[in-house]
>>> print(open('model-v1.tsv').read())   # TSV, C-alpha atoms
chain	number	residue	atom	x	y	z
A	21	MET	CA	19.97	-35.23	155.51
A	22	ALA	CA	20.53	-32.79	158.36
A	23	ARG	CA	20.36	-29.09	157.60
A	24	SER	CA	23.60	-27.24	158.17
A	25	SER	CA	23.79	-25.08	161.24
A	26	PRO	CA	23.85	-21.26	160.94
A	27	THR	CA	27.58	-21.24	161.82
A	28	HIS	CA	28.27	-23.64	158.95
A	29	ALA	CA	26.24	-21.52	156.57
A	30	ALA	CA	28.20	-18.40	157.56
A	31	THR	CA	31.52	-20.21	157.03
A	32	ALA	CA	30.39	-21.46	153.63
A	33	GLN	CA	29.33	-17.93	152.70
A	34	ARG	CA	32.71	-16.57	153.73
A	35	ILE	CA	34.55	-19.23	151.73
A	36	THR	CA	32.44	-18.50	148.64
A	37	LEU	CA	33.15	-14.81	149.00
A	38	ALA	CA	36.88	-15.43	149.34
A	39	ALA	CA	36.83	-17.73	146.29
A	40	LEU	CA	34.94	-15.11	144.28
A	41	LEU	CA	37.42	-12.44	145.30
A	42	CYS	CA	40.31	-14.69	144.29
A	43	LEU	CA	38.66	-15.45	140.94
A	44	GLY	CA	37.94	-11.79	140.43
A	45	GLY	CA	41.55	-11.01	141.16
A	46	MET	CA	42.62	-13.45	138.49
A	47	PHE	CA	40.58	-11.71	135.82
A	48	TRP	CA	41.44	-8.25	137.03
A	49	PRO	CA	44.75	-7.84	135.37
A	50	PRO	CA	47.10	-5.13	136.58
A	51	VAL	CA	46.67	-3.52	133.15
A	52	SER	CA	43.48	-1.90	134.33
A	53	ARG	CA	45.43	-0.21	137.05
A	54	ALA	CA	48.22	0.74	134.68
A	55	GLY	CA	46.37	3.91	133.77
A	56	GLY	CA	47.04	5.21	137.22
A	57	GLU	CA	50.35	6.92	137.95
A	58	ARG	CA	51.13	4.48	140.77
A	59	THR	CA	52.14	1.65	138.46
A	60	PRO	CA	55.79	1.71	137.49
A	61	LEU	CA	56.54	1.13	133.81
A	62	PRO	CA	59.89	0.59	132.17
A	63	ALA	CA	61.54	3.86	131.24
A	64	ILE	CA	63.36	2.60	128.20
A	65	LEU	CA	64.72	4.82	125.50
A	66	VAL	CA	63.38	3.75	122.13
A	67	GLU	CA	65.90	5.13	119.72
A	68	GLY	CA	65.60	5.06	115.99
A	69	GLY	CA	61.84	5.19	116.10
A	70	GLY	CA	61.51	4.00	112.52
A	71	HIS	CA	59.43	1.03	111.56
A	72	CYS	CA	60.45	-2.36	112.90
A	73	LEU	CA	59.76	-5.75	111.32
A	74	ALA	CA	56.27	-5.82	112.78
A	75	PRO	CA	54.06	-3.53	114.88
A	76	ALA	CA	55.46	-2.86	118.36
A	77	GLY	CA	52.91	-5.07	120.13
A	78	GLU	CA	53.76	-8.02	117.95
A	79	MET	CA	57.46	-7.43	118.33
A	80	ARG	CA	57.13	-7.31	122.10
A	81	ARG	CA	55.29	-10.61	122.16
A	82	ARG	CA	57.01	-12.51	119.38
A	83	HIS	CA	60.64	-11.35	119.24
A	84	PRO	CA	61.98	-14.33	121.22
A	85	ASP	CA	60.32	-16.80	118.85
A	86	MET	CA	61.52	-14.91	115.79
A	87	LEU	CA	65.09	-14.92	117.00
A	88	LYS	CA	64.96	-18.51	118.18
A	89	HIS	CA	63.73	-19.85	114.86
A	90	GLN	CA	66.19	-17.86	112.83
A	91	ARG	CA	69.22	-18.64	114.96
A	92	ASP	CA	68.94	-22.36	114.24
A	93	ARG	CA	68.70	-21.74	110.51
A	94	THR	CA	71.66	-19.39	110.63
A	95	VAL	CA	73.93	-21.58	112.73
A	96	HIS	CA	73.10	-24.94	111.20
A	97	LEU	CA	72.23	-24.05	107.62
A	98	GLY	CA	74.35	-20.96	107.13
A	99	GLU	CA	71.43	-18.71	106.21
A	100	ARG	CA	72.60	-15.13	106.64
A	101	GLY	CA	71.41	-11.62	105.91
A	102	THR	CA	67.81	-12.50	106.76
A	103	THR	CA	65.26	-9.96	107.97
A	104	VAL	CA	65.28	-11.39	111.48
A	105	ASN	CA	68.84	-10.75	112.55
A	106	LEU	CA	70.06	-10.01	116.06
A	107	LYS	CA	72.94	-7.92	114.74
A	108	GLU	CA	70.47	-5.64	112.97
A	109	CYS	CA	68.27	-5.41	116.08
A	110	VAL	CA	71.29	-4.18	118.02
A	111	ALA	CA	72.42	-1.85	115.23
A	112	CYS	CA	69.05	-0.10	115.29
A	113	HIS	CA	68.13	-0.19	118.97
A	114	ALA	CA	71.46	0.41	120.71
A	115	SER	CA	71.63	3.58	122.75
A	116	ARG	CA	73.10	6.56	120.98
A	117	THR	CA	75.16	7.49	124.00
A	118	THR	CA	76.51	4.12	125.10
A	119	GLY	CA	76.11	2.28	121.79
A	120	SER	CA	74.72	-0.73	123.64
A	121	VAL	CA	71.35	-2.40	124.20
A	122	ILE	CA	72.29	-3.37	127.76
A	123	GLY	CA	74.17	-1.75	130.62
A	124	SER	CA	71.43	0.35	132.22
A	125	ASP	CA	67.73	0.17	132.96
A	126	GLN	CA	67.13	2.64	130.16
A	127	ALA	CA	68.86	0.42	127.63
A	128	PHE	CA	66.49	-1.01	125.05
A	129	CYS	CA	66.80	-4.70	125.87
A	130	GLN	CA	67.79	-4.60	129.52
A	131	GLY	CA	65.18	-2.01	130.50
A	132	CYS	CA	62.24	-4.17	129.52
A	133	HIS	CA	63.78	-7.46	130.60
A	134	THR	CA	64.51	-6.11	134.06
A	135	TYR	CA	60.96	-4.81	134.30
A	136	ALA	CA	59.49	-8.13	133.19
A	137	ALA	CA	62.02	-10.12	135.28
A	138	VAL	CA	63.00	-12.19	132.25
A	139	GLN	CA	66.60	-13.29	132.14
A	140	LEU	CA	68.44	-11.84	129.16
A	141	ASP	CA	70.97	-14.43	128.06
A	142	CYS	CA	71.61	-13.39	124.45
A	143	PHE	CA	74.35	-10.96	125.36
A	144	GLU	CA	76.37	-13.42	127.40
A	145	CYS	CA	77.72	-14.45	124.01
A	146	HIS	CA	76.41	-11.96	121.44
A	147	SER	CA	77.84	-8.49	121.23
A	148	PRO	CA	75.40	-5.93	122.67
A	149	LYS	CA	77.15	-3.09	120.89
A	150	ARG	CA	76.39	-1.44	117.63
A	151	THR	CA	79.20	-1.59	115.11
A	152	THR	CA	77.61	0.20	112.19
A	153	ALA	CA	75.57	3.40	112.34
A	154	ALA	CA	71.84	2.76	112.54
A	155	THR	CA	70.26	3.30	109.16
A	156	SER	CA	66.87	4.58	110.24
A	157	GLY	CA	65.68	7.46	112.30
A	158	PRO	CA	67.55	10.48	113.62
A	159	ALA	CA	68.38	10.95	117.29
A	160	ALA	CA	65.44	13.36	117.61
A	161	ASN	CA	63.08	10.40	117.48
A	162	THR	CA	64.10	9.31	120.93
A	163	ILE	CA	61.02	8.41	122.87
A	164	ALA	CA	60.87	7.70	126.56
A	165	ILE	CA	58.23	5.21	127.56
A	166	SER	CA	57.44	6.51	130.98
A	167	ALA	CA	53.90	7.23	132.06
A	168	ARG	CA	51.92	5.34	129.45
A	169	ALA	CA	53.15	2.83	126.91
A	170	LYS	CA	50.85	3.42	123.97
A	171	ARG	CA	52.82	2.19	120.99
B	21	MET	CA	89.77	-42.05	65.19
B	22	SER	CA	92.10	-39.17	64.41
B	23	PRO	CA	90.74	-35.68	65.08
B	24	THR	CA	89.49	-33.84	61.99
B	25	PRO	CA	90.71	-30.29	61.34
B	26	ASN	CA	87.25	-29.13	62.47
B	27	ASP	CA	87.65	-30.88	65.87
B	28	THR	CA	91.06	-29.32	66.31
B	29	ALA	CA	89.63	-25.88	65.58
B	30	ILE	CA	86.86	-26.42	68.15
B	31	ALA	CA	89.36	-27.61	70.77
B	32	LEU	CA	91.57	-24.60	70.06
B	33	ARG	CA	88.60	-22.25	70.34
B	34	ARG	CA	87.58	-23.87	73.64
B	35	ALA	CA	91.09	-23.54	75.00
B	36	LEU	CA	91.16	-19.88	73.99
B	37	ILE	CA	87.77	-19.22	75.58
B	38	GLY	CA	88.94	-20.98	78.73
B	39	ALA	CA	92.13	-18.95	78.87
B	40	GLY	CA	90.18	-15.74	78.21
B	41	ALA	CA	87.73	-16.54	80.99
B	42	ALA	CA	90.56	-17.36	83.37
B	43	ALA	CA	92.31	-14.08	82.50
B	44	LEU	CA	89.04	-12.16	82.94
B	45	ALA	CA	88.42	-13.88	86.27
B	46	GLY	CA	91.82	-12.80	87.50
B	47	ILE	CA	91.22	-9.15	86.64
B	48	ALA	CA	91.12	-7.01	89.73
B	49	LEU	CA	87.90	-4.98	89.99
B	50	ALA	CA	89.19	-3.05	92.97
B	51	PRO	CA	92.07	-3.65	95.36
B	52	GLY	CA	91.40	-6.99	97.02
B	53	ILE	CA	88.32	-7.83	94.94
B	54	ARG	CA	88.61	-9.96	91.87
B	55	LEU	CA	85.89	-11.05	89.48
B	56	ILE	CA	86.50	-14.69	90.41
B	57	GLU	CA	85.65	-13.94	94.04
B	58	VAL	CA	82.48	-12.09	93.05
B	59	ALA	CA	81.44	-15.04	90.92
B	60	GLN	CA	82.19	-17.56	93.68
B	61	ALA	CA	80.44	-15.59	96.42
B	62	ARG	CA	77.17	-17.27	97.25
B	63	ASP	CA	73.93	-15.47	97.98
B	64	PRO	CA	74.09	-15.14	101.79
B	65	LYS	CA	70.40	-15.94	102.13
B	66	ARG	CA	70.93	-19.36	100.57
B	67	VAL	CA	71.75	-22.26	102.84
B	68	ALA	CA	75.18	-23.85	102.79
B	69	SER	CA	75.38	-26.32	99.94
B	70	GLY	CA	76.26	-29.97	100.39
B	71	GLU	CA	78.05	-29.94	97.04
B	72	VAL	CA	80.83	-27.86	98.54
B	73	ARG	CA	83.44	-29.17	100.94
B	74	TRP	CA	85.61	-26.43	102.36
B	75	GLY	CA	89.17	-27.37	103.16
B	76	LEU	CA	92.64	-26.06	103.78
B	77	LEU	CA	95.99	-27.06	102.37
B	78	ILE	CA	98.94	-26.09	104.54
B	79	ASP	CA	102.34	-26.07	102.90
B	80	THR	CA	104.69	-26.73	105.80
B	81	THR	CA	107.72	-25.97	103.63
B	82	GLN	CA	106.51	-22.35	103.37
B	83	CYS	CA	105.42	-22.06	107.00
B	84	GLU	CA	107.98	-19.95	108.84
B	85	PRO	CA	109.07	-21.42	112.19
B	86	GLY	CA	108.16	-19.06	115.00
B	87	CYS	CA	105.78	-17.01	112.84
B	88	ARG	CA	102.46	-16.41	114.59
B	89	ASP	CA	100.68	-14.35	111.96
B	90	CYS	CA	97.85	-16.85	111.47
B	91	ILE	CA	97.32	-17.22	115.22
B	92	ASP	CA	97.27	-13.46	115.76
B	93	ALA	CA	94.92	-12.90	112.84
B	94	CYS	CA	92.62	-15.60	114.22
B	95	ALA	CA	92.61	-13.95	117.65
B	96	ARG	CA	91.84	-10.55	116.11
B	97	GLU	CA	89.09	-11.80	113.83
B	98	ASN	CA	87.37	-13.89	116.46
B	99	ALA	CA	88.12	-11.52	119.38
B	100	LEU	CA	89.87	-14.26	121.34
B	101	ASP	CA	92.09	-12.00	123.40
B	102	THR	CA	91.23	-12.26	127.07
B	103	PRO	CA	92.97	-11.44	130.32
B	104	ILE	CA	92.71	-15.14	131.24
B	105	ASP	CA	95.97	-16.76	132.28
B	106	ASN	CA	97.72	-18.74	129.63
B	107	ALA	CA	96.77	-22.24	130.75
B	108	GLN	CA	93.05	-21.52	130.35
B	109	ARG	CA	93.24	-19.30	127.30
B	110	PRO	CA	91.16	-20.69	124.43
B	111	HIS	CA	93.21	-21.55	121.38
B	112	TRP	CA	91.78	-22.10	117.95
B	113	ILE	CA	95.12	-22.55	116.19
B	114	ARG	CA	98.26	-24.08	117.69
B	115	LYS	CA	101.62	-23.74	116.09
B	116	VAL	CA	103.34	-27.13	116.12
B	117	GLU	CA	107.07	-27.32	115.54
B	118	LEU	CA	108.30	-30.74	114.46
B	119	LYS	CA	111.84	-32.04	114.21
B	120	GLU	CA	112.98	-35.37	112.94
B	121	ILE	CA	115.74	-36.37	115.35
B	122	ARG	CA	117.66	-38.61	112.94
B	123	THR	CA	117.96	-36.08	110.13
B	124	GLY	CA	117.45	-32.84	112.03
B	125	ARG	CA	114.85	-31.69	109.52
B	126	ALA	CA	112.47	-29.23	111.14
B	127	ALA	CA	108.99	-28.31	110.01
B	128	SER	CA	106.39	-25.99	111.42
B	129	ALA	CA	102.64	-26.10	110.92
B	130	PRO	CA	99.50	-24.53	112.32
B	131	VAL	CA	97.05	-27.11	113.67
B	132	MET	CA	93.43	-26.13	114.06
B	133	CYS	CA	90.11	-27.98	113.84
B	134	GLN	CA	90.64	-30.37	110.96
B	135	HIS	CA	86.97	-30.26	109.92
B	136	CYS	CA	86.71	-34.04	109.65
B	137	ALA	CA	84.20	-35.71	107.38
B	138	ASP	CA	83.46	-38.10	110.29
B	139	PRO	CA	84.07	-35.87	113.29
B	140	PRO	CA	84.41	-37.69	116.64
B	141	CYS	CA	83.30	-34.52	118.46
B	142	VAL	CA	79.92	-34.81	116.74
B	143	ASP	CA	79.67	-38.50	117.67
B	144	VAL	CA	80.14	-37.89	121.37
B	145	CYS	CA	78.16	-34.66	121.80
B	146	PRO	CA	75.20	-35.44	124.07
B	147	THR	CA	73.11	-32.44	123.00
B	148	GLY	CA	73.78	-32.22	119.28
B	149	ALA	CA	75.65	-28.95	119.77
B	150	SER	CA	78.68	-30.25	117.87
B	151	PHE	CA	77.62	-30.61	114.30
B	152	LYS	CA	78.90	-30.66	110.76
B	153	ARG	CA	77.44	-28.18	108.34
B	154	ASN	CA	76.45	-29.27	104.84
B	155	ASP	CA	79.60	-27.75	103.42
B	156	GLY	CA	81.86	-29.75	105.75
B	157	ILE	CA	82.54	-27.08	108.38
B	158	VAL	CA	82.42	-28.54	111.90
B	159	LEU	CA	80.92	-26.11	114.40
B	160	VAL	CA	79.60	-25.81	117.94
B	161	ASP	CA	76.06	-24.52	118.31
B	162	ARG	CA	76.53	-22.55	121.51
B	163	HIS	CA	72.77	-22.35	121.99
B	164	SER	CA	72.75	-26.05	122.85
B	165	CYS	CA	76.30	-26.55	124.17
B	166	ILE	CA	76.17	-27.45	127.87
B	167	GLY	CA	79.94	-27.26	128.32
B	168	CYS	CA	80.43	-30.94	129.17
B	169	ARG	CA	83.70	-31.05	127.22
B	170	TYR	CA	83.24	-34.56	125.84
B	171	CYS	CA	84.27	-33.19	122.46
B	172	VAL	CA	87.47	-31.80	123.95
B	173	MET	CA	88.30	-35.33	125.07
B	174	ALA	CA	87.23	-36.95	121.80
B	175	CYS	CA	89.14	-34.70	119.41
B	176	PRO	CA	92.47	-36.28	118.48
B	177	TYR	CA	93.80	-32.90	117.29
B	178	LYS	CA	93.30	-30.95	120.55
B	179	ALA	CA	91.27	-28.53	118.50
B	180	ARG	CA	88.56	-27.65	121.00
B	181	SER	CA	88.87	-25.41	124.01
B	182	PHE	CA	86.56	-24.30	126.75
B	183	VAL	CA	85.72	-20.71	127.68
B	184	HIS	CA	86.32	-20.36	131.41
B	185	GLU	CA	85.64	-16.68	131.97
B	186	PRO	CA	82.95	-14.20	130.97
B	187	VAL	CA	83.65	-12.71	127.54
B	188	THR	CA	83.12	-9.11	126.53
B	189	ASN	CA	83.89	-7.20	123.34
B	190	GLN	CA	82.94	-10.03	121.01
B	191	ASN	CA	82.99	-9.57	117.28
B	192	PRO	CA	79.27	-9.26	116.41
B	193	ASP	CA	79.79	-11.97	113.78
B	194	VAL	CA	81.44	-14.35	116.24
B	195	PRO	CA	79.33	-14.80	119.35
B	196	ARG	CA	81.21	-16.60	122.11
B	197	GLY	CA	80.79	-16.83	125.84
B	198	LYS	CA	81.58	-18.50	129.11
B	199	GLY	CA	80.62	-22.12	129.62
B	200	CYS	CA	80.79	-23.20	125.99
B	201	VAL	CA	83.28	-25.20	124.02
B	202	GLU	CA	84.65	-23.63	120.89
B	203	GLY	CA	87.09	-24.24	118.10
B	204	CYS	CA	88.12	-23.05	114.67
B	205	THR	CA	85.03	-22.22	112.62
B	206	LEU	CA	87.03	-21.86	109.42
B	207	CYS	CA	85.84	-18.25	109.76
B	208	VAL	CA	82.39	-19.41	108.70
B	209	HIS	CA	81.05	-15.83	108.84
B	210	ARG	CA	83.64	-14.77	106.29
B	211	VAL	CA	83.22	-17.89	104.15
B	212	ASP	CA	79.48	-17.22	103.95
B	213	ARG	CA	80.30	-13.75	102.63
B	214	GLY	CA	82.56	-15.27	99.97
B	215	GLN	CA	85.79	-14.38	101.76
B	216	THR	CA	88.62	-16.62	102.90
B	217	PRO	CA	89.47	-17.33	106.57
B	218	ALA	CA	91.46	-14.67	108.43
B	219	CYS	CA	94.50	-16.95	108.93
B	220	VAL	CA	94.77	-17.62	105.21
B	221	ASP	CA	94.60	-13.90	104.45
B	222	ALA	CA	97.22	-13.11	107.08
B	223	CYS	CA	99.56	-15.81	105.80
B	224	ALA	CA	99.25	-14.48	102.27
B	225	ALA	CA	99.70	-10.89	103.45
B	226	ALA	CA	102.90	-11.86	105.27
B	227	GLY	CA	104.18	-13.25	101.99
B	228	HIS	CA	104.38	-16.87	103.11
B	229	GLY	CA	101.35	-18.10	101.20
B	230	ALA	CA	101.54	-21.36	103.13
B	231	MET	CA	97.78	-21.75	103.41
B	232	THR	CA	95.30	-22.38	100.62
B	233	PHE	CA	91.58	-22.33	101.26
B	234	GLY	CA	88.95	-23.63	98.89
B	235	ASP	CA	86.39	-26.17	97.81
B	236	LEU	CA	87.85	-29.68	97.82
B	237	ASN	CA	84.92	-30.96	95.76
B	238	ASN	CA	85.41	-28.52	92.91
B	239	PRO	CA	88.07	-30.00	90.61
B	240	ASP	CA	88.83	-26.53	89.20
B	241	SER	CA	89.52	-24.85	92.54
B	242	GLU	CA	93.09	-23.96	93.39
B	243	ILE	CA	93.17	-26.25	96.42
B	244	ALA	CA	91.89	-29.23	94.39
B	245	ARG	CA	94.47	-28.55	91.68
B	246	ARG	CA	97.25	-28.36	94.22
B	247	ILE	CA	96.34	-31.50	96.15
B	248	ARG	CA	96.18	-33.26	92.78
B	249	ALA	CA	99.64	-32.01	91.85
B	250	VAL	CA	101.61	-32.30	95.08
B	251	ALA	CA	101.84	-34.95	97.77
B	252	SER	CA	99.88	-33.97	100.86
B	253	SER	CA	98.73	-35.88	103.88
B	254	GLN	CA	96.10	-35.77	106.57
B	255	LEU	CA	97.08	-35.75	110.22
B	256	ARG	CA	96.41	-39.10	111.87
B	257	ALA	CA	95.00	-40.47	108.64
B	258	ASP	CA	95.00	-43.88	110.36
B	259	LEU	CA	91.94	-42.80	112.35
B	260	GLY	CA	89.92	-42.65	109.15
B	261	LEU	CA	88.27	-39.33	110.02
B	262	ASP	CA	88.96	-37.81	106.60
B	263	PRO	CA	89.98	-34.29	107.74
B	264	GLY	CA	89.36	-31.36	105.42
B	265	VAL	CA	92.74	-29.86	106.35
B	266	ARG	CA	95.72	-31.34	104.52
B	267	TYR	CA	99.44	-30.83	105.06
B	268	GLN	CA	102.10	-30.67	102.41
B	269	GLY	CA	105.74	-31.53	103.17
B	270	LEU	CA	105.36	-33.20	106.55
>>> encode(input="model-v1.tsv", output="structure tokens")
Amino acid sequence: MARSSPTHAATAQRITLAALLCLGGMFWPPVSRAGGERTPLPAILVEGGGHCLAPAGEMRRRHPDMLKHQRDRTVHLGERGTTVNLKECVACHASRTTGSVIGSDQAFCQGCHTYAAVQLDCFECHSPKRTTAATSGPAANTIAISARAKR
Amino acid sequence: MSPTPNDTAIALRRALIGAGAAALAGIALAPGIRLIEVAQARDPKRVASGEVRWGLLIDTTQCEPGCRDCIDACARENALDTPIDNAQRPHWIRKVELKEIRTGRAASAPVMCQHCADPPCVDVCPTGASFKRNDGIVLVDRHSCIGCRYCVMACPYKARSFVHEPVTNQNPDVPRGKGCVEGCTLCVHRVDRGQTPACVDACAAAGHGAMTFGDLNNPDSEIARRIRAVASSQLRADLGLDPGVRYQGL
């Protein structure tokens, strides 16, 4: 077997380096850079501020599944008044000024969905507006997630 | 065997207890709330029971020609009002005026989803969005409706309509939006709370009392008593769909 020429070796080295950089990039999530001020984060207004059904991290990750499972039971079986309930989500999280969870990039649902570029279809049909006064948390608990989301 | 005096006494006591219970059930706890309604209200967390079959009895002799109270109440309850032009406006209830030419006898009746026991809309739905709930209410699951409108074609009662325009200001209990087919839900959100449909309430409030809502399977319910006592018919009974809505005096 012929030995590869120096030019070939240099090319191979360059390719390996590029591959390593790519791999490194994959495991270097943008989270590590999120500490810096240069990364934009959603500036949503979290109103209410009381306790939700689960810790915030879990709610962020699992709320679509929760709603999706419950909606089928509610529509097909007629199960109502359950803990997972879109109407209650809206009642608690709607903005105190507009009374809605959509309509601006500060709105609870729209703010995050715009940031994450995830289409928000619920409110094509469901009402995004609060009808009853939220039961938990005074207006003073308004928190703006701006520089660092640590909840 | 002739009844002994003891049997007669027991029967009398039972009749008295029954009458007492009925009187107690009719007592008003507060305006609009009666004990009987509290007792009949199901726990909202429980699933709809297959032992119940919700139905309507419409007394066309009491239905006022030209009256639109049920239609207006339906539009208010389900937030159906839209700026859409009339031809594309969704309708959940239609008022049908009938006249027999030979005799000149006129009758008027609201026609909505008939909540068939064998609904053709469910048969033709390609996604399973049209379905019948355990308690006989035929609904559209808008999460899986693709807006193909097969059900609109299949329904012999013209009960389904299509939403052509974006919808805003929905009732939080009645989600509805563009691109889906919809029809009378028998006010399922109210029924699940133990209330009656909005049209029935409006008809009673207007003093017509032409609509009776209740459980067709419960022999003691008012609707079951009435359909036992008076002649009523199903629309297009020849199709064998067994609608849950019955008409008296057609």
>>> closest_residue(input="model-v1.tsv", among="A:Val104, A:Val138, A:Val95, A:Cys112", to="chain B", atoms="all atoms listed in the file")
A:Val95
>>> interface_residues(input="model-v1.tsv", of="chain A", to="chain B", cutoff="7 Å", atoms="only C-alpha atoms", output="PyMOL selection string")
chain A and resi 95-102+107+144-147
>>> residues_around(input="model-v1.tsv", residues="Ala257 (chain B)", least_positions_apart="2", cutoff="12 Å", atoms="all atoms listed in the file", output="PyMOL selection string")
chain B and resi 134+136-138+176-177+252-255+259-267
>>> residues_near_point(input="model-v1.tsv", point="(74.0, -34.2, 119.7)", cutoff="12 Å", atoms="only C-alpha atoms", output="PDB file with C-alpha atoms, keeping the file's coordinate frame")
ATOM      1  CA  PRO B 140      84.410 -37.690 116.640  1.00  0.00           C
ATOM      2  CA  CYS B 141      83.300 -34.520 118.460  1.00  0.00           C
ATOM      3  CA  VAL B 142      79.920 -34.810 116.740  1.00  0.00           C
ATOM      4  CA  ASP B 143      79.670 -38.500 117.670  1.00  0.00           C
ATOM      5  CA  VAL B 144      80.140 -37.890 121.370  1.00  0.00           C
ATOM      6  CA  CYS B 145      78.160 -34.660 121.800  1.00  0.00           C
ATOM      7  CA  PRO B 146      75.200 -35.440 124.070  1.00  0.00           C
ATOM      8  CA  THR B 147      73.110 -32.440 123.000  1.00  0.00           C
ATOM      9  CA  GLY B 148      73.780 -32.220 119.280  1.00  0.00           C
ATOM     10  CA  ALA B 149      75.650 -28.950 119.770  1.00  0.00           C
ATOM     11  CA  SER B 150      78.680 -30.250 117.870  1.00  0.00           C
ATOM     12  CA  PHE B 151      77.620 -30.610 114.300  1.00  0.00           C
ATOM     13  CA  LYS B 152      78.900 -30.660 110.760  1.00  0.00           C
ATOM     14  CA  LEU B 159      80.920 -26.110 114.400  1.00  0.00           C
ATOM     15  CA  VAL B 160      79.600 -25.810 117.940  1.00  0.00           C
ATOM     16  CA  ASP B 161      76.060 -24.520 118.310  1.00  0.00           C
ATOM     17  CA  SER B 164      72.750 -26.050 122.850  1.00  0.00           C
ATOM     18  CA  CYS B 165      76.300 -26.550 124.170  1.00  0.00           C
ATOM     19  CA  ILE B 166      76.170 -27.450 127.870  1.00  0.00           C
ATOM     20  CA  CYS B 168      80.430 -30.940 129.170  1.00  0.00           C
ATOM     21  CA  TYR B 170      83.240 -34.560 125.840  1.00  0.00           C
ATOM     22  CA  CYS B 171      84.270 -33.190 122.460  1.00  0.00           C
TER      23      CYS B 171
END
>>> closest_residue(input="model-v1.tsv", among="A:Glu108, A:Ser124, A:Leu87, A:Gly119", to="Cys142 (chain A)", atoms="only C-alpha atoms")
A:Leu87
>>> residues_around(input="model-v1.tsv", residues="region 118-125 of chain B", least_positions_apart="4", cutoff="12 Å", atoms="all atoms listed in the file", output="list in words")
Thr80, Thr81, Cys83, Pro85, Gly86, Ala129, Pro130, Val131, Gly269 and Leu270 of chain B
>>> atom_distance(input="model-v1.tsv", atom1="CA of Ile64 (chain A)", atom2="CA of Cys132 (chain A)")
7.0 Å
>>> atom_distance(input="model-v1.tsv", atom1="CA of Gly203 (chain B)", atom2="CA of Glu242 (chain B)")
25.4 Å
>>> closest_residue(input="model-v1.tsv", among="B:Asp240, B:Arg245, B:Gly156, B:Cys90", to="Asp221 (chain B)", atoms="only C-alpha atoms")
B:Cys90
>>> residues_around(input="model-v1.tsv", residues="Val220 (chain B)", least_positions_apart="5", cutoff="9 Å", atoms="only C-alpha atoms", output="number ranges by chain")
B: 76, 90, 93, 225, 229-233
>>> write_last_selection(input="model-v1.tsv", atoms="C-alpha atoms", output="PDB file, keeping the file's coordinate frame")
ATOM      1  CA  LEU B  76      92.640 -26.060 103.780  1.00  0.00           C
ATOM      2  CA  CYS B  90      97.850 -16.850 111.470  1.00  0.00           C
ATOM      3  CA  ALA B  93      94.920 -12.900 112.840  1.00  0.00           C
ATOM      4  CA  ALA B 225      99.700 -10.890 103.450  1.00  0.00           C
ATOM      5  CA  GLY B 229     101.350 -18.100 101.200  1.00  0.00           C
ATOM      6  CA  ALA B 230     101.540 -21.360 103.130  1.00  0.00           C
ATOM      7  CA  MET B 231      97.780 -21.750 103.410  1.00  0.00           C
ATOM      8  CA  THR B 232      95.300 -22.380 100.620  1.00  0.00           C
ATOM      9  CA  PHE B 233      91.580 -22.330 101.260  1.00  0.00           C
TER      10      PHE B 233
END
>>> closest_residue(input="model-v1.tsv", among="A:Gly77, A:Arg82, A:Ala137, A:Arg91", to="Asp125 (chain A)", atoms="all atoms listed in the file")
A:Ala137
>>> decode(input="model-v1.tsv", residues="region 94-117 of chain B", atoms="C-alpha atoms", output="CSV table (one decimal), in the first residue's frame")
chain,number,residue,atom,x,y,z
B,94,CYS,CA,-77.9,29.7,20.3
B,95,ALA,CA,-75.9,32.4,18.6
B,96,ARG,CA,-75.4,34.2,21.9
B,97,GLU,CA,-74.4,31.1,23.8
B,98,ASN,CA,-72.0,29.7,21.2
B,99,ALA,CA,-70.8,33.2,20.0
B,100,LEU,CA,-71.9,32.5,16.4
B,101,ASP,CA,-72.3,36.1,15.4
B,102,THR,CA,-69.9,37.0,12.7
B,103,PRO,CA,-69.6,39.7,10.1
B,104,ILE,CA,-69.7,37.0,7.4
B,105,ASP,CA,-72.3,37.5,4.7
B,106,ASN,CA,-75.5,35.6,5.1
B,107,ALA,CA,-74.8,32.8,2.6
B,108,GLN,CA,-71.7,31.6,4.4
B,109,ARG,CA,-72.9,32.3,8.0
B,110,PRO,CA,-72.8,29.1,10.1
B,111,HIS,CA,-76.2,28.0,11.3
B,112,TRP,CA,-76.7,25.6,14.1
B,113,ILE,CA,-80.5,25.9,14.2
B,114,ARG,CA,-82.8,26.6,11.2
B,115,LYS,CA,-86.3,27.6,11.6
B,116,VAL,CA,-88.5,25.6,9.2
B,117,GLU,CA,-92.0,26.8,8.4
